[in-house]
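Asks: You'll find start-v8.cif just under this line, and it carries mmCIF, C-alpha atoms and all ligand atoms.
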data_my_file
#
loop_
_atom_site.label_atom_id
_atom_site.label_comp_id
_atom_site.auth_asym_id
_atom_site.auth_seq_id
_atom_site.Cartn_x
_atom_site.Cartn_y
_atom_site.Cartn_z
CA MET A 20 20.53 12.16 20.30
CA GLU A 21 23.95 10.67 21.09
CA LEU A 22 25.14 11.26 17.55
CA ALA A 23 23.86 14.85 17.68
CA HIS A 24 25.92 15.52 20.82
CA ALA A 25 28.94 13.85 19.18
CA ALA A 26 28.58 15.89 15.97
CA LYS A 27 28.48 19.06 18.05
CA ALA A 28 31.48 18.11 20.20
CA ARG A 29 33.69 16.73 17.39
CA PRO A 30 32.57 18.17 14.01
CA GLN A 31 35.90 17.32 12.35
CA GLU A 32 35.17 13.60 12.68
CA TYR A 33 32.21 14.05 10.34
CA ARG A 34 33.84 16.50 7.92
CA TRP A 35 33.57 14.21 4.87
CA ALA A 36 30.75 11.94 5.99
CA LEU A 37 28.48 13.13 3.15
CA ASP A 38 31.30 13.52 0.63
CA ALA A 39 29.81 14.52 -2.77
CA LYS A 40 26.25 13.55 -1.75
CA GLN A 41 23.50 15.76 -3.20
CA ILE A 42 20.45 16.56 -1.08
CA VAL A 43 17.46 18.45 -2.48
CA MET A 44 15.26 20.71 -0.35
CA PHE A 45 11.75 21.62 -1.59
CA PHE A 46 10.17 24.31 0.62
CA GLU A 47 6.53 25.45 0.20
CA LYS A 48 6.81 27.77 3.24
CA ALA A 49 9.26 30.43 4.42
CA SER A 50 12.26 29.39 6.54
CA LEU A 51 15.36 30.87 8.14
CA ARG A 52 16.60 28.27 10.64
CA THR A 53 15.56 25.03 8.96
CA ARG A 54 16.90 25.99 5.55
CA LEU A 55 20.20 27.39 6.81
CA THR A 56 20.86 24.66 9.37
CA PHE A 57 20.24 21.92 6.79
CA GLU A 58 22.46 23.69 4.26
CA ALA A 59 25.21 24.32 6.82
CA ALA A 60 25.01 20.73 8.11
CA ILE A 61 25.17 19.26 4.59
CA ASN A 62 27.93 21.59 3.33
CA THR A 63 30.16 21.13 6.37
CA MET A 64 29.98 17.34 5.98
CA GLY A 65 31.14 17.54 2.36
CA GLY A 66 27.75 17.24 0.64
CA SER A 67 25.79 19.75 -1.42
CA ALA A 68 22.33 21.14 -0.74
CA ILE A 69 20.10 22.09 -3.68
CA PHE A 70 17.34 24.45 -2.53
CA VAL A 71 14.11 24.69 -4.53
CA ASP A 72 11.73 27.50 -3.57
CA GLN A 73 8.17 26.13 -3.86
CA THR A 74 6.48 29.06 -2.10
CA GLN A 75 4.92 30.24 -5.37
CA SER A 76 3.83 26.83 -6.69
CA PRO A 77 2.90 24.00 -4.33
CA LEU A 78 4.46 20.59 -4.90
CA GLY A 79 2.26 18.38 -7.06
CA GLU A 80 0.82 21.29 -9.07
CA ARG A 81 3.13 21.17 -12.12
CA GLU A 82 3.58 17.40 -12.05
CA SER A 83 2.53 14.63 -9.70
CA LEU A 84 4.42 13.94 -6.48
CA ALA A 85 5.15 10.42 -7.74
CA ASP A 86 6.71 11.76 -10.94
CA ILE A 87 8.81 14.25 -8.97
CA ALA A 88 10.02 11.41 -6.72
CA ARG A 89 10.86 9.13 -9.69
CA ASN A 90 13.01 11.86 -11.21
CA VAL A 91 14.70 13.22 -8.13
CA GLU A 92 15.66 9.86 -6.59
CA ARG A 93 17.97 9.28 -9.59
CA TRP A 94 20.03 12.40 -8.83
CA VAL A 95 20.09 12.88 -5.07
CA SER A 96 20.64 10.93 -1.84
CA ALA A 97 17.78 12.48 0.18
CA ILE A 98 14.77 14.79 -0.15
CA VAL A 99 14.01 17.41 2.52
CA LEU A 100 10.42 18.74 2.41
CA ARG A 101 8.68 21.69 4.06
CA THR A 102 4.99 21.54 3.15
CA TYR A 103 1.47 22.54 4.05
CA ALA A 104 -0.18 19.10 3.71
CA HIS A 105 1.52 16.36 5.71
CA GLU A 106 0.34 13.92 3.01
CA THR A 107 2.73 15.58 0.55
CA ILE A 108 5.57 14.22 2.69
CA THR A 109 4.10 10.77 3.30
CA GLU A 110 3.18 10.33 -0.39
CA MET A 111 6.67 11.35 -1.49
CA ALA A 112 8.17 8.95 1.07
CA GLU A 113 6.04 6.06 -0.21
CA VAL A 114 7.29 6.49 -3.77
CA ALA A 115 10.86 7.79 -3.45
CA ALA A 116 13.70 5.27 -3.25
CA CYS A 117 15.75 7.67 -1.12
CA PRO A 118 15.03 9.00 2.41
CA VAL A 119 12.47 11.82 2.73
CA ILE A 120 12.88 14.18 5.71
CA ASN A 121 10.05 16.25 7.23
CA ALA A 122 11.35 19.82 7.61
CA LEU A 123 7.89 20.92 8.87
CA SER A 124 4.37 20.17 7.75
CA ASP A 125 1.05 21.39 9.11
CA LEU A 126 1.05 18.27 11.31
CA GLU A 127 4.61 17.86 12.64
CA HIS A 128 8.05 19.46 12.98
CA PRO A 129 10.26 16.55 14.09
CA CYS A 130 13.69 18.06 13.32
CA GLN A 131 12.81 20.91 15.67
CA ALA A 132 11.89 18.53 18.48
CA VAL A 133 15.17 16.58 18.23
CA ALA A 134 17.17 19.81 18.53
CA ASP A 135 14.97 20.98 21.41
CA PHE A 136 15.46 17.83 23.45
CA MET A 137 19.17 17.92 22.65
CA THR A 138 19.09 21.38 24.31
CA VAL A 139 17.16 19.94 27.28
CA GLU A 140 19.76 17.17 27.64
CA GLU A 141 22.59 19.73 27.59
CA ARG A 142 20.91 21.67 30.41
CA PHE A 143 19.61 18.84 32.57
CA GLY A 144 21.72 15.80 31.58
CA SER A 145 18.65 13.79 30.63
CA ALA A 146 15.00 14.42 29.75
CA LYS A 147 13.81 11.37 31.67
CA GLY A 148 11.45 12.32 34.49
CA LEU A 149 11.64 16.02 33.63
CA LYS A 150 8.50 18.17 33.71
CA PHE A 151 8.25 19.65 30.21
CA THR A 152 5.39 22.08 29.60
CA TYR A 153 4.19 23.48 26.29
CA VAL A 154 1.79 26.44 26.49
CA GLY A 155 -0.23 27.60 23.48
CA ASP A 156 -1.55 26.22 20.21
CA GLY A 157 -1.66 22.42 19.87
CA ASN A 158 0.14 22.71 16.54
CA ASN A 159 2.85 20.93 14.51
CA VAL A 160 5.63 21.87 16.96
CA CYS A 161 3.49 20.77 19.91
CA HIS A 162 2.81 17.39 18.26
CA SER A 163 6.47 16.63 17.64
CA LEU A 164 7.49 17.79 21.12
CA MET A 165 4.86 15.51 22.70
CA LEU A 166 6.04 12.49 20.73
CA THR A 167 9.72 13.18 21.46
CA ALA A 168 9.11 13.91 25.16
CA ALA A 169 7.23 10.62 25.44
CA GLN A 170 10.06 8.70 23.76
CA LEU A 171 12.58 10.15 26.20
CA GLY A 172 10.46 9.41 29.29
CA ALA A 173 9.63 13.04 30.14
CA HIS A 174 6.40 14.20 31.81
CA CYS A 175 4.84 16.39 29.15
CA THR A 176 2.01 18.83 29.92
CA ILE A 177 0.20 20.79 27.24
CA GLY A 178 -1.66 23.92 28.34
CA SER A 179 -3.87 25.07 25.47
CA PRO A 180 -7.19 26.89 25.04
CA LYS A 181 -10.34 24.85 24.44
CA ASN A 182 -10.57 23.92 20.73
CA TYR A 183 -6.78 24.37 20.30
CA ALA A 184 -5.60 21.16 21.97
CA PRO A 185 -3.22 18.87 20.08
CA LYS A 186 -4.80 16.26 17.80
CA ALA A 187 -6.34 13.33 19.69
CA ASP A 188 -4.64 10.65 17.58
CA ILE A 189 -1.19 12.14 18.24
CA VAL A 190 -1.97 12.45 21.96
CA ALA A 191 -2.97 8.75 21.96
CA GLN A 192 0.23 7.83 20.09
CA ALA A 193 2.36 9.83 22.54
CA ARG A 194 0.59 8.27 25.53
CA ALA A 195 1.20 4.76 24.17
CA ILE A 196 4.91 5.58 23.87
CA ALA A 197 4.99 7.19 27.34
CA ASN A 198 3.48 4.03 28.85
CA ARG A 199 6.55 2.13 27.68
CA THR A 200 9.14 4.74 28.71
CA GLY A 201 7.76 5.85 32.09
CA GLY A 202 6.81 9.30 30.79
CA SER A 203 3.35 10.85 30.66
CA VAL A 204 1.22 13.22 28.59
CA ASN A 205 -1.20 15.53 30.36
CA LEU A 206 -3.60 18.04 28.72
CA VAL A 207 -4.92 21.06 30.64
CA ASN A 208 -6.58 24.38 29.78
CA ASP A 209 -5.28 26.53 32.64
CA PRO A 210 -1.84 28.01 31.75
CA THR A 211 -0.86 28.50 35.41
CA VAL A 212 -1.66 24.88 36.25
CA ALA A 213 0.32 23.81 33.17
CA VAL A 214 3.52 25.63 34.12
CA THR A 215 3.52 25.05 37.90
CA ASP A 216 6.85 23.46 38.93
CA ALA A 217 7.86 22.89 35.28
CA ASP A 218 11.55 22.39 34.44
CA ALA A 219 11.07 23.69 30.88
CA ILE A 220 8.40 25.98 29.46
CA TYR A 221 7.96 26.06 25.71
CA THR A 222 5.73 28.17 23.52
CA ASP A 223 5.24 28.82 19.81
CA VAL A 224 3.28 31.32 17.74
CA CYS A 225 -0.52 31.33 18.19
CA THR A 226 -1.01 31.36 14.42
CA SER A 227 1.15 29.07 12.32
CA MET A 228 2.04 29.50 8.66
CA GLY A 229 -1.05 28.76 6.58
CA PHE A 230 -3.48 29.97 9.27
CA GLU A 231 -2.81 33.72 8.85
CA HIS A 232 -6.52 34.38 8.13
CA GLU A 233 -7.23 33.43 11.79
CA VAL A 234 -4.84 35.98 13.42
CA THR A 235 -7.58 38.36 14.60
CA LYS A 236 -9.79 35.58 15.92
CA ARG A 237 -6.93 33.87 17.77
CA ALA A 238 -5.27 36.89 19.45
CA PRO A 239 -7.78 37.30 22.34
CA ILE A 240 -8.12 33.54 22.85
CA PHE A 241 -4.37 33.12 23.34
CA LYS A 242 -3.79 36.27 25.45
CA PRO A 243 -3.95 34.41 28.81
CA TYR A 244 -1.36 31.94 27.47
CA GLN A 245 1.34 34.56 26.95
CA VAL A 246 4.61 33.49 28.59
CA ASN A 247 5.61 36.51 30.69
CA GLU A 248 7.54 36.93 33.93
CA GLN A 249 4.38 36.40 35.97
CA LEU A 250 3.67 33.02 34.31
CA MET A 251 7.36 32.01 34.52
CA SER A 252 7.29 32.68 38.29
CA HIS A 253 5.14 29.53 38.74
CA ALA A 254 7.79 27.29 37.16
CA ALA A 255 10.72 25.74 39.02
CA PRO A 256 13.39 28.39 39.82
CA HIS A 257 15.87 26.61 37.51
CA ALA A 258 13.34 26.39 34.63
CA VAL A 259 14.38 27.19 31.07
CA PHE A 260 12.28 29.05 28.52
CA MET A 261 12.11 27.56 25.03
CA HIS A 262 10.71 28.67 21.65
CA CYS A 263 11.30 27.26 18.17
CA LEU A 264 11.41 30.79 16.66
CA PRO A 265 10.43 32.92 14.86
CA ALA A 266 8.75 34.56 17.86
CA HIS A 267 6.08 37.22 17.71
CA ARG A 268 7.58 39.42 20.40
CA ASN A 269 5.13 40.53 23.11
CA ALA A 270 2.40 38.32 21.66
CA GLU A 271 2.97 34.69 22.80
CA VAL A 272 6.11 35.69 24.80
CA THR A 273 7.36 38.97 26.25
CA ASP A 274 10.75 40.48 25.43
CA ALA A 275 11.69 40.13 29.12
CA VAL A 276 11.33 36.34 28.98
CA LEU A 277 12.65 35.82 25.45
CA ASP A 278 15.78 37.87 26.17
CA GLY A 279 15.95 36.94 29.86
CA PRO A 280 18.41 34.70 31.72
CA GLN A 281 16.18 31.61 31.55
CA SER A 282 15.87 31.70 27.77
CA VAL A 283 17.70 29.01 25.75
CA VAL A 284 16.13 29.89 22.39
CA PHE A 285 19.41 30.54 20.57
CA GLU A 286 20.94 27.31 21.90
CA GLN A 287 17.91 25.57 20.40
CA ALA A 288 18.50 27.35 17.09
CA GLU A 289 22.18 26.35 17.09
CA ASN A 290 21.33 22.75 17.90
CA ARG A 291 19.10 22.48 14.83
CA MET A 292 22.30 22.13 12.82
CA HIS A 293 23.88 19.46 15.04
CA ALA A 294 20.66 17.45 15.35
CA GLN A 295 20.16 17.48 11.58
CA LYS A 296 23.75 16.38 11.06
CA ALA A 297 22.94 13.33 13.19
CA LEU A 298 19.78 12.63 11.21
CA LEU A 299 21.63 12.86 7.89
CA LEU A 300 24.44 10.65 9.20
CA MET A 301 21.98 7.98 10.29
CA LEU A 302 19.97 8.07 7.05
CA LEU A 303 22.86 8.32 4.62
CA GLY A 304 25.31 6.06 6.44
CA GLY A 305 28.25 8.41 6.16
CA LYS A 306 31.62 7.35 7.48
CA LYS A 307 33.65 9.19 10.07
CA GLN A 308 36.87 10.86 8.95
CA GLY A 309 39.79 8.55 9.47
CA SER A 310 37.85 5.40 8.60
CA GLY A 311 39.69 5.29 5.26
CA ILE A 312 36.38 5.28 3.38
CA ARG A 313 34.96 8.43 1.87
CA ASP A 314 31.53 7.41 0.56
N1 LIG D 401 12.09 26.97 13.90
C1 LIG D 401 12.04 26.95 12.55
O1 LIG D 401 11.70 25.93 11.94
O2 LIG D 401 12.40 28.11 11.96
P1 LIG D 401 12.25 28.46 10.41
O3 LIG D 401 10.77 28.51 10.10
O4 LIG D 401 12.92 29.78 10.25
O5 LIG D 401 12.91 27.38 9.61
N1 LIG D 402 4.17 26.46 14.25
C1 LIG D 402 4.99 27.32 13.43
C2 LIG D 402 6.40 26.88 13.50
C3 LIG D 402 7.37 27.67 12.67
C4 LIG D 402 8.77 27.16 12.79
C5 LIG D 402 4.47 27.28 12.00
O1 LIG D 402 4.14 26.19 11.53
O2 LIG D 402 4.39 28.33 11.38
#
Would you mind writing the structure in this file as structure tokens?
Ligand code: CP
Ligand code: NVA

Replies:
Amino acid sequence: MELAHAAKARPQEYRWALDAKQIVMFFEKASLRTRLTFEAAINTMGGSAIFVDQTQSPLGERESLADIARNVERWVSAIVLRTYAHETITEMAEVAACPVINALSDLEHPCQAVADFMTVEERFGSAKGLKFTYVGDGNNVCHSLMLTAAQLGAHCTIGSPKNYAPKADIVAQARAIANRTGGSVNLVNDPTVAVTDADAIYTDVCTSMGFEHEVTKRAPIFKPYQVNEQLMSHAAPHAVFMHCLPAHRNAEVTDAVLDGPQSVVFEQAENRMHAQKALLLMLLGGKKQGSGIRD
């Protein structure tokens, strides 16, 4: 988080940190923010991003994941993956000699969560002790937010419909982390209870990529969880509204909230780039400009 803030404040210091490094990005799902923020982060630190569109042929179909890893690791410094199955990422990481970064799977979206809590830190100074509420589907974004909130000592509440709670093993993992940091993880069904006195209210789409066949079934179930001005009125007066985007306007959030004064959604989107710069710097050990070393 510290490096992310530093990369945002002083980008010139990191201008050549990835000098001539090649990073490949295999994406099985659509992306605007994740693709562009990785490419911008890599390019502005002197590296090159190679994007491979896998939306028409899932990874592992033409050749095994292990064989892809054994080829690619000889040419590039890191692999960035956006997948359906989380196992595609973990299997690639087990075999590949270079770092493998999760750019979203059905299970988690960690790069998003780092940028989101960077945004929280900018607004509130620290996430420790803050009441952070996520309303909606207990999905990939929800899982990563819970884990990150717990690591930073925040009090995280998830307000989701019955049968759409986050996965029990991730809740248990987040609670174990929260026990060490002084944070907490609380699951409720009532959206009003979830948001009462919250410092930050976060939502995401009701139907994630890969679950499109459930749109009609989910719409009525998630209706009471829509973040609108009425629901926001139960939060703390200084509360921020957060969304990873893309948003389905007037479905999970109204225009009035998304475009309103409490919304920080475009700060979150901007911070994706700075947070991913920090991640790349940590994984690839780049040197600051002025260190005399350009590797
Ligand atoms: N928030 C996010 O990951 O956006 P994209 O799907 O556009 O990358
Ligand atoms: N939960 C959403 C996030 C998109 C950035 C999805 O997986 O489609």

Asks: May I ask which of the residues A:Gly155, A:Pro210, A:Gly172, A:Gly202 is the closest one to ligand LIG 402 (chain D), counting all atoms listed in the file?

Replies: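 Closest residue, counting all atoms listed in the file: A:Gly155.
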
Asks: Could you put an axis-aligned box around every listed atom of region 141-148 of chain A, padded by 4 Å on each side, and send me its centre and edge lengths in Å to one decimal, as AutoDock Vina command-line options?

Replies:
--center_x 17.0 --center_y 16.5 --center_z 31.0 --size_x 19.1 --size_y 18.3 --size_z 14.9

Asks: With all atoms listed in the file as the atoms that count, which of A:Pro185, A:Pro180, A:Gly148, A:Gly304 lies nearest to Met165 (chain A)?

Replies: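 Going through A:Pro185, A:Pro180, A:Gly148, A:Gly304 one by one, the smallest distance to Met165 (chain A) is for A:Pro185.
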
Asks: Counting all atoms listed in the file, what residues are within 9 Å of ligand LIG 402 (chain D), given as a VMD selection string?

Replies: chain A and resid 48 to 53 103 123 to 128 131 156 158 to 161 223 to 230 263 to 266

Asks: Choose the residue, out of A:Glu92, A:Glu248, A:Asp274, A:Glu141, that has the smallest atom-to-atom separation from Cys117 (chain A); count all atoms listed in the file.

Replies: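 Counting all atoms listed in the file, the residue closest to Cys117 (chain A) is A:Glu92.
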
Asks: I need the residue nearest ligand LIG 401 (chain D) from this list: A:Ser163, A:Gln287, A:Thr152, A:Asn247. Use all atoms listed in the file for the distance.

Replies: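 Between A:Ser163, A:Gln287, A:Thr152, A:Asn247, the residue approaching ligand LIG 401 (chain D) most closely is A:Gln287.
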
Asks: Go ahead and find all residues with at least one atom no further than 10 Å from (5.2, 37.2, 23.3) in the file's coordinates, using only C-alpha atoms; report them as a PyMOL selection string.

Replies: chain A and resi 222-225+242+244-247+266-277

Asks: Considering all atoms listed in the file, state which residue in the set A:Phe285, A:Phe151, A:Phe260, A:Trp35 is at the smallest distance from ligand LIG 401 (chain D).

Replies: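 Smallest distance to ligand LIG 401 (chain D) is found for A:Phe285.
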
Asks: Which is closest to ligand LIG 401 (chain D) among A:Ala132, A:Ile87, A:Val139, A:Leu22, if we use all atoms listed in the file?

Replies: A:Ala132
